[in-house]
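Containing mmCIF, C-alpha atoms and all ligand atoms: run_34.cif.
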```cif
data_entry
#
loop_
_atom_site.label_atom_id
_atom_site.label_comp_id
_atom_site.auth_asym_id
_atom_site.auth_seq_id
_atom_site.Cartn_x
_atom_site.Cartn_y
_atom_site.Cartn_z
CA MET A 1 -59.92 14.88 -22.65
CA ALA A 2 -62.48 12.13 -22.64
CA SER A 3 -64.83 14.06 -24.85
CA ALA A 4 -62.09 15.07 -27.32
CA LYS A 5 -61.46 11.48 -28.15
CA THR A 6 -65.06 10.37 -28.10
CA ALA A 7 -66.32 13.17 -30.32
CA ALA A 8 -63.50 12.66 -32.80
CA SER A 9 -64.20 8.96 -32.76
CA LEU A 10 -67.89 9.38 -33.35
CA ALA A 11 -67.28 11.80 -36.18
CA SER A 12 -66.07 9.03 -38.42
CA ARG A 13 -66.99 5.37 -38.40
CA THR A 14 -64.64 2.76 -39.80
CA THR A 15 -65.79 -0.08 -41.98
CA LYS A 16 -66.14 -3.57 -40.62
CA ARG A 17 -63.66 -6.28 -41.47
CA PRO A 18 -61.64 -6.40 -43.62
CA SER A 19 -60.38 -2.92 -42.87
CA THR A 20 -58.97 -0.48 -45.35
CA ILE A 21 -55.61 1.24 -45.23
CA ARG A 22 -55.89 5.00 -44.73
CA THR A 23 -52.77 6.83 -45.69
CA LEU A 24 -51.75 10.29 -46.78
CA SER A 25 -48.88 8.95 -48.86
CA SER A 26 -48.77 5.43 -50.27
CA SER A 27 -50.25 2.09 -49.26
CA PHE A 28 -48.29 -0.77 -47.73
CA PRO A 29 -46.50 -2.95 -50.34
CA PRO A 30 -46.93 -6.77 -50.40
CA SER A 31 -45.81 -8.75 -47.38
CA ASN A 32 -42.37 -10.32 -47.06
CA PRO A 33 -41.51 -11.03 -43.42
CA LEU A 34 -38.21 -9.61 -42.17
CA LEU A 35 -36.75 -9.58 -38.70
CA ARG A 36 -36.98 -6.57 -36.44
CA HIS A 37 -34.24 -4.03 -37.08
CA PRO A 38 -32.79 -0.92 -35.38
CA ASN A 39 -34.13 1.20 -38.26
CA ASN A 40 -37.71 0.08 -37.61
CA ARG A 41 -38.79 1.40 -34.25
CA VAL A 42 -42.08 0.09 -32.86
CA HIS A 43 -43.93 1.02 -29.65
CA LEU A 44 -47.05 -0.34 -28.05
CA VAL A 45 -49.26 2.23 -26.32
CA PHE A 46 -51.14 0.89 -23.30
CA GLY A 47 -53.26 2.89 -20.88
CA ALA A 48 -54.57 2.72 -17.34
CA ASN A 49 -58.12 2.83 -18.73
CA THR A 50 -60.14 3.98 -21.71
CA ASP A 51 -60.31 7.79 -22.13
CA VAL A 52 -57.11 8.58 -20.26
CA GLY A 53 -55.53 10.08 -23.41
CA LYS A 54 -53.99 7.13 -25.31
CA SER A 55 -55.03 8.54 -28.71
CA VAL A 56 -53.91 12.04 -27.76
CA VAL A 57 -50.48 10.72 -26.75
CA SER A 58 -50.30 8.41 -29.80
CA ALA A 59 -51.05 11.37 -32.09
CA GLY A 60 -48.40 13.41 -30.26
CA LEU A 61 -45.85 10.65 -30.89
CA VAL A 62 -46.84 10.42 -34.56
CA ARG A 63 -46.59 14.21 -34.91
CA ALA A 64 -43.18 14.32 -33.20
CA ALA A 65 -41.79 11.45 -35.31
CA ALA A 66 -43.10 13.01 -38.54
CA ALA A 67 -41.78 16.47 -37.65
CA ALA A 68 -38.36 15.10 -36.62
CA ALA A 69 -38.11 13.15 -39.88
CA ALA A 70 -39.15 16.17 -41.96
CA ALA A 71 -36.61 18.37 -40.17
CA ASP A 72 -33.78 15.88 -40.71
CA SER A 73 -32.91 17.25 -44.12
CA SER A 74 -29.25 16.22 -43.72
CA SER A 75 -30.25 12.57 -43.85
CA GLU A 76 -30.60 10.61 -47.09
CA ARG A 77 -33.00 8.32 -45.30
CA THR A 78 -36.72 8.38 -45.82
CA THR A 79 -38.55 7.77 -42.59
CA SER A 80 -42.11 6.52 -42.66
CA VAL A 81 -44.37 7.00 -39.65
CA ASN A 82 -47.06 4.41 -39.08
CA TYR A 83 -50.01 4.22 -36.72
CA ILE A 84 -51.82 0.93 -36.20
CA LYS A 85 -55.01 0.39 -34.19
CA PRO A 86 -55.49 -3.39 -34.02
CA LEU A 87 -58.92 -3.39 -32.31
CA GLN A 88 -61.40 -0.54 -32.69
CA CYS A 89 -64.88 -0.54 -31.13
CA GLY A 90 -67.05 2.39 -32.13
CA GLY A 91 -65.66 5.40 -33.94
CA SER A 92 -62.18 5.68 -35.37
CA ASP A 93 -59.03 6.60 -33.49
CA GLU A 94 -57.25 6.46 -36.85
CA SER A 95 -59.35 9.42 -38.00
CA PHE A 96 -58.49 11.26 -34.81
CA ILE A 97 -54.76 10.77 -35.54
CA LEU A 98 -55.16 12.01 -39.12
CA ASP A 99 -57.09 15.03 -37.87
CA GLN A 100 -54.00 16.13 -35.91
CA ARG A 101 -52.02 16.77 -39.11
CA ASP A 102 -48.78 18.73 -38.89
CA ASP A 103 -45.33 18.96 -40.52
CA GLY A 104 -44.26 15.73 -42.19
CA PHE A 105 -47.72 14.13 -42.26
CA GLU A 106 -47.27 13.17 -45.92
CA ARG A 107 -45.13 10.32 -44.57
CA VAL A 108 -47.80 9.11 -42.09
CA ALA A 109 -49.77 5.91 -42.79
CA CYS A 110 -52.63 4.84 -40.51
CA ARG A 111 -54.27 1.46 -40.36
CA THR A 112 -57.12 -0.09 -38.37
CA LEU A 113 -56.94 -3.88 -38.40
CA PHE A 114 -60.36 -4.95 -37.02
CA SER A 115 -63.29 -2.75 -36.15
CA TRP A 116 -66.81 -3.07 -34.80
CA ASN A 117 -69.49 -0.40 -34.57
CA THR A 118 -70.47 -1.08 -30.96
CA LEU A 119 -68.93 1.27 -28.40
CA ALA A 120 -67.97 -1.45 -25.93
CA SER A 121 -65.17 -3.77 -24.93
CA PRO A 122 -63.80 -5.69 -27.96
CA HIS A 123 -64.91 -9.08 -26.54
CA LEU A 124 -68.48 -7.83 -26.21
CA ALA A 125 -68.62 -5.88 -29.49
CA SER A 126 -67.40 -8.88 -31.48
CA HIS A 127 -69.92 -11.21 -29.83
CA LEU A 128 -72.86 -8.80 -30.12
CA GLU A 129 -72.15 -8.20 -33.81
CA GLY A 130 -71.49 -11.87 -34.55
CA LEU A 131 -68.05 -10.98 -35.92
CA PRO A 132 -65.52 -13.11 -34.04
CA VAL A 133 -61.82 -12.38 -34.35
CA SER A 134 -59.42 -14.70 -32.57
CA ASP A 135 -56.18 -13.70 -30.85
CA ALA A 136 -54.28 -15.65 -33.52
CA GLU A 137 -55.95 -13.60 -36.27
CA VAL A 138 -55.14 -10.32 -34.52
CA LEU A 139 -51.49 -11.30 -34.07
CA ALA A 140 -51.15 -12.58 -37.63
CA SER A 141 -52.60 -9.35 -39.02
CA LEU A 142 -50.40 -7.19 -36.77
CA ARG A 143 -47.26 -9.18 -37.57
CA SER A 144 -47.97 -8.94 -41.27
CA SER A 145 -48.51 -5.15 -40.99
CA LEU A 146 -45.19 -4.79 -39.16
CA ASP A 147 -43.45 -6.99 -41.71
CA ARG A 148 -44.77 -4.82 -44.51
CA VAL A 149 -43.49 -1.66 -42.82
CA GLU A 150 -40.07 -3.27 -42.36
CA GLU A 151 -39.94 -4.54 -45.90
CA ARG A 152 -40.88 -1.17 -47.30
CA ASP A 153 -38.81 1.02 -45.04
CA GLY A 154 -35.55 -0.76 -44.38
CA GLY A 155 -34.38 -3.26 -41.83
CA GLY A 156 -33.91 -6.89 -42.66
CA THR A 157 -31.42 -9.43 -41.48
CA THR A 158 -28.62 -9.15 -44.00
CA THR A 159 -28.00 -6.81 -46.87
CA THR A 160 -27.20 -9.11 -49.74
CA THR A 161 -28.62 -7.38 -52.79
CA ALA A 162 -28.51 -3.89 -54.19
CA ALA A 163 -32.26 -3.58 -53.61
CA ALA A 164 -31.90 -4.63 -50.01
CA ALA A 165 -29.00 -2.22 -49.58
CA ALA A 166 -31.18 0.59 -50.90
CA MET A 167 -33.98 -0.48 -48.57
CA ALA A 168 -31.66 -0.39 -45.57
CA GLU A 169 -31.33 3.37 -46.12
CA GLY A 170 -34.96 3.78 -45.07
CA SER A 171 -36.36 3.72 -41.56
CA SER A 172 -39.72 3.66 -39.87
CA VAL A 173 -41.53 4.45 -36.66
CA THR A 174 -44.70 2.53 -35.79
CA ILE A 175 -47.07 3.37 -32.96
CA ILE A 176 -49.55 0.63 -32.05
CA GLU A 177 -52.47 1.76 -29.89
CA SER A 178 -54.26 -0.81 -27.73
CA ALA A 179 -57.96 -0.46 -26.81
CA GLY A 180 -59.09 0.42 -23.29
CA GLY A 181 -56.88 -0.48 -20.32
CA ALA A 182 -53.93 -2.86 -20.22
CA LEU A 183 -56.12 -5.71 -18.96
CA SER A 184 -59.15 -4.87 -21.12
CA PRO A 185 -60.32 -7.85 -23.17
CA SER A 186 -59.26 -8.70 -26.70
CA SER A 187 -61.94 -9.52 -29.28
CA SER A 188 -63.71 -12.81 -28.62
CA SER A 189 -63.94 -15.89 -30.80
CA PRO A 190 -64.94 -19.55 -30.44
CA LEU A 191 -61.43 -20.24 -31.78
CA ASN A 192 -59.80 -18.65 -28.75
CA GLU A 193 -58.24 -21.18 -26.39
CA ARG A 194 -60.29 -20.31 -23.31
CA SER A 195 -63.69 -20.72 -24.96
CA GLY A 196 -63.88 -24.27 -23.60
CA ALA A 197 -63.72 -22.97 -20.02
CA LEU A 198 -66.87 -20.90 -20.64
CA GLY A 199 -69.14 -23.42 -22.40
CA ASP A 200 -72.67 -22.58 -23.61
CA GLY A 201 -71.58 -21.09 -26.95
CA ARG A 202 -69.66 -18.30 -25.25
CA TRP A 203 -66.54 -16.99 -26.90
CA GLY A 204 -63.16 -16.81 -25.13
CA TRP A 205 -60.82 -13.83 -25.03
CA SER A 206 -57.51 -12.71 -23.52
CA THR A 207 -56.45 -9.56 -21.79
CA GLN A 208 -54.73 -7.27 -24.26
CA ALA A 209 -51.58 -7.36 -22.12
CA ASP A 210 -51.51 -11.14 -22.73
CA LEU A 211 -52.53 -10.81 -26.37
CA TYR A 212 -49.53 -8.67 -27.33
CA SER A 213 -46.88 -10.01 -24.94
CA SER A 214 -45.28 -12.36 -27.50
CA LEU A 215 -44.35 -9.36 -29.65
CA GLU A 216 -41.95 -8.15 -26.93
CA LEU A 217 -42.43 -4.51 -27.83
CA PRO A 218 -41.45 -1.61 -25.56
CA VAL A 219 -44.42 0.18 -24.04
CA VAL A 220 -45.44 3.80 -23.79
CA PHE A 221 -47.92 3.83 -20.94
CA VAL A 222 -50.60 6.49 -20.51
CA GLY A 223 -51.43 6.84 -16.83
CA ASP A 224 -54.66 8.15 -15.38
CA GLY A 225 -54.23 11.83 -14.49
CA LYS A 226 -57.42 12.17 -12.46
CA LEU A 227 -58.32 11.65 -8.81
CA GLY A 228 -58.33 7.87 -8.34
CA GLY A 229 -55.74 7.44 -11.06
CA ILE A 230 -52.77 6.42 -8.91
CA GLY A 231 -54.18 3.01 -8.01
CA VAL A 232 -55.26 2.03 -11.53
CA THR A 233 -51.98 3.31 -12.96
CA LEU A 234 -49.89 1.24 -10.52
CA ALA A 235 -52.10 -1.83 -10.94
CA SER A 236 -51.81 -1.66 -14.75
CA LEU A 237 -48.06 -1.10 -14.67
CA GLU A 238 -47.60 -4.05 -12.31
CA ALA A 239 -49.70 -6.17 -14.67
CA LEU A 240 -47.41 -5.18 -17.57
CA TRP A 241 -44.17 -5.68 -15.64
CA SER A 242 -45.32 -9.09 -14.39
CA ARG A 243 -45.85 -10.12 -18.02
CA GLY A 244 -42.31 -9.10 -18.96
CA TYR A 245 -43.04 -5.81 -20.71
CA ARG A 246 -40.41 -3.08 -20.76
CA VAL A 247 -42.08 0.26 -20.06
CA ASP A 248 -40.03 3.03 -21.65
CA ALA A 249 -42.15 6.00 -20.63
CA VAL A 250 -45.28 6.93 -18.70
CA VAL A 251 -47.34 9.96 -19.71
CA PHE A 252 -50.19 11.48 -17.72
CA VAL A 253 -52.60 14.04 -19.13
CA GLU A 254 -53.81 16.38 -16.40
CA GLY A 255 -57.52 15.95 -15.62
CA GLU A 256 -59.97 18.35 -17.23
CA ASP A 257 -59.98 21.22 -14.73
CA GLY A 258 -56.34 20.56 -13.85
CA SER A 259 -56.79 20.80 -10.13
CA GLY A 260 -58.66 19.55 -7.13
CA GLY A 261 -60.60 21.74 -4.73
CA ASP A 262 -57.46 22.67 -2.80
CA GLY A 263 -55.49 23.50 -5.91
CA ILE A 264 -54.14 19.94 -6.07
CA ARG A 265 -53.13 19.02 -9.59
CA PHE A 266 -53.96 15.34 -9.75
CA GLY A 267 -52.05 14.57 -12.97
CA ARG A 268 -48.79 15.98 -11.63
CA GLY A 269 -49.47 14.46 -8.22
CA ASN A 270 -50.10 11.04 -9.81
CA ALA A 271 -46.85 11.32 -11.79
CA GLU A 272 -45.00 12.18 -8.57
CA ALA A 273 -46.65 9.28 -6.71
CA LEU A 274 -45.46 6.93 -9.48
CA ARG A 275 -41.89 8.31 -9.18
CA GLU A 276 -42.01 7.69 -5.42
CA TYR A 277 -43.47 4.18 -5.89
CA VAL A 278 -40.66 3.25 -8.27
CA MET A 279 -38.04 4.64 -5.84
CA MET A 280 -39.54 2.78 -2.87
CA TYR A 281 -40.65 -0.54 -4.38
CA ARG A 282 -38.96 -0.92 -7.77
CA ASP A 283 -35.84 0.70 -9.16
CA THR A 284 -34.97 3.12 -11.89
CA SER A 285 -33.80 0.36 -14.24
CA CYS A 286 -37.48 -0.57 -14.50
CA LEU A 287 -38.66 3.02 -14.99
CA ASP A 288 -36.54 6.14 -14.86
CA GLY A 289 -38.02 9.20 -13.10
CA ASP A 290 -37.20 11.28 -16.20
CA ALA A 291 -39.37 8.97 -18.28
CA ILE A 292 -42.48 9.95 -16.29
CA MET A 293 -44.14 13.10 -17.54
CA CYS A 294 -47.38 15.03 -17.13
CA LEU A 295 -49.01 17.11 -19.86
CA PRO A 296 -51.43 19.97 -19.15
CA PRO A 297 -55.22 19.53 -19.42
CA LEU A 298 -56.78 19.35 -22.87
CA PRO A 299 -58.96 22.27 -23.95
CA PRO A 300 -62.70 21.61 -23.61
CA MET A 301 -64.55 20.36 -26.67
CA PRO A 302 -65.09 21.49 -29.39
CA ILE A 303 -61.78 23.40 -29.29
CA ALA A 304 -59.26 21.79 -31.64
CA LEU A 305 -56.04 20.44 -30.17
CA THR A 306 -53.77 22.36 -32.56
CA ALA A 307 -52.73 24.98 -29.99
CA TRP A 308 -52.38 22.34 -27.25
CA TYR A 309 -50.02 20.28 -29.41
CA GLY A 310 -48.18 23.48 -30.38
CA SER A 311 -47.53 24.45 -26.77
CA ASN A 312 -46.46 20.89 -25.88
CA ARG A 313 -44.26 20.38 -28.93
CA GLU A 314 -41.04 20.31 -26.89
CA GLU A 315 -42.47 17.77 -24.45
CA PHE A 316 -43.41 15.41 -27.27
CA LEU A 317 -40.02 15.87 -28.96
CA LYS A 318 -38.35 15.07 -25.62
CA LEU A 319 -40.45 11.91 -25.38
CA HIS A 320 -39.65 11.07 -29.01
CA HIS A 321 -35.88 11.36 -28.38
CA LEU A 322 -36.10 9.33 -25.18
CA LEU A 323 -37.87 6.52 -27.08
CA CYS A 324 -35.33 6.70 -29.94
CA ARG A 325 -32.46 6.41 -27.43
CA ARG A 326 -33.99 3.46 -25.62
CA TRP A 327 -34.76 1.67 -28.89
CA ARG A 328 -31.23 2.22 -30.22
CA ASP A 329 -29.66 1.15 -26.90
CA SER A 330 -31.63 -2.09 -26.86
CA PHE A 331 -29.63 -3.26 -29.90
CA VAL A 332 -26.25 -2.73 -28.24
CA GLU A 333 -27.06 -3.92 -24.69
C1 LIG B 401 -64.97 1.63 -26.36
C2 LIG B 401 -63.65 2.10 -26.79
N1 LIG B 401 -63.45 1.88 -28.21
C3 LIG B 401 -62.23 1.51 -28.49
O1 LIG B 401 -61.81 1.28 -29.64
N2 LIG B 401 -61.54 1.39 -27.39
C4 LIG B 401 -62.38 1.48 -26.21
C5 LIG B 401 -62.53 0.09 -25.62
C6 LIG B 401 -62.75 0.16 -24.15
C7 LIG B 401 -62.70 -1.24 -23.56
C8 LIG B 401 -62.95 -1.22 -22.12
C9 LIG B 401 -63.16 -2.58 -21.57
C10 LIG B 401 -63.03 -2.57 -20.08
O2 LIG B 401 -61.91 -2.66 -19.57
O3 LIG B 401 -64.06 -2.44 -19.39
#
```
Show me this structure written as structure tokens.
Ligand SMILES: C[C@@H]1NC(=O)N[C@@H]1CCCCCC(=O)O
Amino acid sequence: MASAKTAASLASRTTKRPSTIRTLSSSFPPSNPLLRHPNNRVHLVFGANTDVGKSVVSAGLVRAAAAAAAADSSSERTTSVNYIKPLQCGGSDESFILDQRDDGFERVACRTLFSWNTLASPHLASHLEGLPVSDAEVLASLRSSLDRVEERDGGGTTTTTAAAAAMAEGSSVTIIESAGGALSPSSSSPLNERSGALGDGRWGWSTQADLYSSLELPVVFVGDGKLGGIGVTLASLEALWSRGYRVDAVVFVEGEDGSGGDGIRFGRGNAEALREYVMMYRDTSCLDGDAIMCLPPLPPMPIALTAWYGSNREEFLKLHHLLCRRWRDSFVE
């Protein structure tokens, strides 16, 4: 799993700031901020660590959303599917997503907001390369990308004009993939608030959980499906819950060989431990047992993931429908 992502990432390097839009259909139209709308579903993907399968799960969500939209021939609506990687250090997860093409991918648009060549934490890569990006810049860029999706694909506050009425027929799904673990650093900048606490020309940063919290987006969390993964998964989830995040689903990808020495399958075991933790110390309103799933191990590199996605198609569609339901319900609660 780790190597699938890393090799795909290394295969294609993104440009430095400002980034370009990579899309198989059309580019984003000009910005015109609109409020969040039931037609414009957005999820933030966090993980227990780097290389636990965030990109694999993000691509699965993109594939499921694109396939569901393509299959919905009864609907007049056009659904766009968007993938945004705000901070990229080394390689290109956007390229990995586009490499997993399937039905409906003509409606998929991918975008990397800020990227650095150094394979390291964003705070370190930005400092080493002398390319600071502040939290305010990341949020402004992300908000403007989301506004553009909403403006293009429906939503809005009121439908007052014929053009707006036509727009409201559209809908969108946007998957935002964070970098590293939930508490991994954002990019650093002398403009970040905490720089003063460091002194000596050092640049401040936030945890990514803090960086994105003001967006109030529901989370898809990718747990760690290996031995040692229970603790980091629980610690990361607690960090998200304590910051007010709603976690809609947790996905584990089974570790590479799929089992321990005694035939223990750590991914499934970690998913079960999380279910038990929620039952004992939290409650199902914070995370439903049905929203915790475990996917089988990825094939070793260099085998493509096509067959793996094919055999897990139903699982991803189930996840897709669960997220749709939760998003829709949050507008009537
Ligand atoms: C290097 C990888 N490239 C990328 O875009 N995401 C990863 C970032 C990992 C950050 C880990 C920081 C930490 O928590 O130690």
Neighbour list for region 49-63 of chain A as an MDAnalysis selection string, cut-off 6 Å, all atoms listed in the file, skip fewer than 4 positions in-chain:
chainID A and resid 2 67 97 180:181 222 224
Counting all atoms listed in the file, name the residues that have an atom within 6 Å of an atom of ligand LIG 401 (chain B); the answer should be given as a PDB file with C-alpha atoms, keeping the file's coordinate frame.
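And here's part-v9.pdb as it stands now:
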```pdb
ATOM      1  CA  THR A  50     -60.140   3.980 -21.710  1.00  0.00           C
ATOM      2  CA  GLN A  88     -61.400  -0.540 -32.690  1.00  0.00           C
ATOM      3  CA  CYS A  89     -64.880  -0.540 -31.130  1.00  0.00           C
ATOM      4  CA  GLY A  90     -67.050   2.390 -32.130  1.00  0.00           C
ATOM      5  CA  LEU A 119     -68.930   1.270 -28.400  1.00  0.00           C
ATOM      6  CA  ALA A 120     -67.970  -1.450 -25.930  1.00  0.00           C
ATOM      7  CA  SER A 121     -65.170  -3.770 -24.930  1.00  0.00           C
ATOM      8  CA  ALA A 179     -57.960  -0.460 -26.810  1.00  0.00           C
ATOM      9  CA  GLY A 180     -59.090   0.420 -23.290  1.00  0.00           C
ATOM     10  CA  GLY A 181     -56.880  -0.480 -20.320  1.00  0.00           C
ATOM     11  CA  SER A 184     -59.150  -4.870 -21.120  1.00  0.00           C
TER      12      SER A 184
END
```
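Remark: for Leu211 (chain A), the closest of the candidate residues A:Ala65, A:Ala71, A:Leu317, A:Val138 is A:Val138 (distances computed over all atoms listed in the file).
When only C-alpha atoms are used to measure the gap to Leu131 (chain A), the shortest distance among A:Ser206, A:Thr112, A:Ser187, A:Ser236 belongs to A:Ser187.
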Near Ser330 (chain A), counting all atoms listed in the file, which residues have an atom at most 12 Å away, once you skip same-chain residues fewer than 2 positions from it, shown as a PDB file with C-alpha atoms, keeping the file's coordinate frame?
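Written output follows (part39.pdb):
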```
ATOM      1  CA  ARG A  36     -36.980  -6.570 -36.440  1.00  0.00           C
ATOM      2  CA  HIS A  37     -34.240  -4.030 -37.080  1.00  0.00           C
ATOM      3  CA  PRO A  38     -32.790  -0.920 -35.380  1.00  0.00           C
ATOM      4  CA  ARG A  41     -38.790   1.400 -34.250  1.00  0.00           C
ATOM      5  CA  GLU A 216     -41.950  -8.150 -26.930  1.00  0.00           C
ATOM      6  CA  LEU A 217     -42.430  -4.510 -27.830  1.00  0.00           C
ATOM      7  CA  PRO A 218     -41.450  -1.610 -25.560  1.00  0.00           C
ATOM      8  CA  ARG A 246     -40.410  -3.080 -20.760  1.00  0.00           C
ATOM      9  CA  ASP A 248     -40.030   3.030 -21.650  1.00  0.00           C
ATOM     10  CA  LEU A 323     -37.870   6.520 -27.080  1.00  0.00           C
ATOM     11  CA  CYS A 324     -35.330   6.700 -29.940  1.00  0.00           C
ATOM     12  CA  ARG A 325     -32.460   6.410 -27.430  1.00  0.00           C
ATOM     13  CA  ARG A 326     -33.990   3.460 -25.620  1.00  0.00           C
ATOM     14  CA  TRP A 327     -34.760   1.670 -28.890  1.00  0.00           C
ATOM     15  CA  ARG A 328     -31.230   2.220 -30.220  1.00  0.00           C
ATOM     16  CA  VAL A 332     -26.250  -2.730 -28.240  1.00  0.00           C
ATOM     17  CA  GLU A 333     -27.060  -3.920 -24.690  1.00  0.00           C
TER      18      GLU A 333
END
```
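Distance-wise, CA of Ala64 (chain A) and CA of Asn312 (chain A) end up 10.4 Å apart.
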Point out the residue among A:Ala140, A:Ala307, A:Val247, A:Met280 with the least atom-to-atom distance to Ile292 (chain A), counting all atoms listed in the file.
A:Val247
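A straight line drawn from CA of Thr284 (chain A) to CA of His320 (chain A) is 19.4 Å long.
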From the options A:Val149, A:Leu142, A:Leu295, A:Ile84, which residue's atoms come nearest to Asn270 (chain A), counting only C-alpha atoms?
A:Leu295
Would you mind writing region 46-53 of chain A with all heavy atoms, as a short mmCIF file (atom, residue, chain, number, x, y, z; two decimals), in the frame of the given file?
```cif
data_model
loop_
_atom_site.label_atom_id
_atom_site.label_comp_id
_atom_site.auth_asym_id
_atom_site.auth_seq_id
_atom_site.Cartn_x
_atom_site.Cartn_y
_atom_site.Cartn_z
N PHE A 46 -50.12 1.42 -24.21
CA PHE A 46 -51.14 0.89 -23.30
C PHE A 46 -51.61 2.03 -22.40
O PHE A 46 -50.90 3.03 -22.23
CB PHE A 46 -50.53 -0.18 -22.38
CG PHE A 46 -50.55 -1.58 -22.93
CD1 PHE A 46 -49.36 -2.27 -23.13
CD2 PHE A 46 -51.74 -2.21 -23.22
CE1 PHE A 46 -49.36 -3.57 -23.61
CE2 PHE A 46 -51.76 -3.52 -23.71
CZ PHE A 46 -50.56 -4.19 -23.90
N GLY A 47 -52.77 1.86 -21.78
CA GLY A 47 -53.26 2.89 -20.88
C GLY A 47 -53.82 2.28 -19.60
O GLY A 47 -54.06 1.08 -19.52
N ALA A 48 -54.01 3.17 -18.61
CA ALA A 48 -54.57 2.72 -17.34
C ALA A 48 -56.07 2.44 -17.48
O ALA A 48 -56.65 1.74 -16.65
CB ALA A 48 -54.33 3.78 -16.27
N ASN A 49 -56.68 3.02 -18.52
CA ASN A 49 -58.12 2.83 -18.73
C ASN A 49 -58.46 3.40 -20.11
O ASN A 49 -57.59 3.96 -20.79
CB ASN A 49 -58.91 3.57 -17.65
CG ASN A 49 -60.31 3.01 -17.46
OD1 ASN A 49 -60.83 2.26 -18.31
ND2 ASN A 49 -60.94 3.36 -16.35
N THR A 50 -59.71 3.28 -20.50
CA THR A 50 -60.14 3.98 -21.71
C THR A 50 -60.28 5.47 -21.35
O THR A 50 -60.45 5.82 -20.17
CB THR A 50 -61.48 3.39 -22.24
OG1 THR A 50 -61.73 3.90 -23.55
CG2 THR A 50 -62.65 3.69 -21.32
N ASP A 51 -60.14 6.34 -22.34
CA ASP A 51 -60.31 7.79 -22.13
C ASP A 51 -59.35 8.41 -21.12
O ASP A 51 -59.71 9.34 -20.41
CB ASP A 51 -61.76 8.11 -21.72
CG ASP A 51 -62.66 8.20 -22.95
OD1 ASP A 51 -62.12 8.35 -24.06
OD2 ASP A 51 -63.88 8.12 -22.79
N VAL A 52 -58.13 7.90 -21.09
CA VAL A 52 -57.11 8.58 -20.26
C VAL A 52 -56.18 9.41 -21.15
O VAL A 52 -55.33 10.13 -20.65
CB VAL A 52 -56.28 7.59 -19.41
CG1 VAL A 52 -57.12 6.98 -18.31
CG2 VAL A 52 -55.62 6.52 -20.27
N GLY A 53 -56.33 9.27 -22.49
CA GLY A 53 -55.53 10.08 -23.41
C GLY A 53 -54.59 9.26 -24.29
O GLY A 53 -53.62 9.82 -24.83
#
```
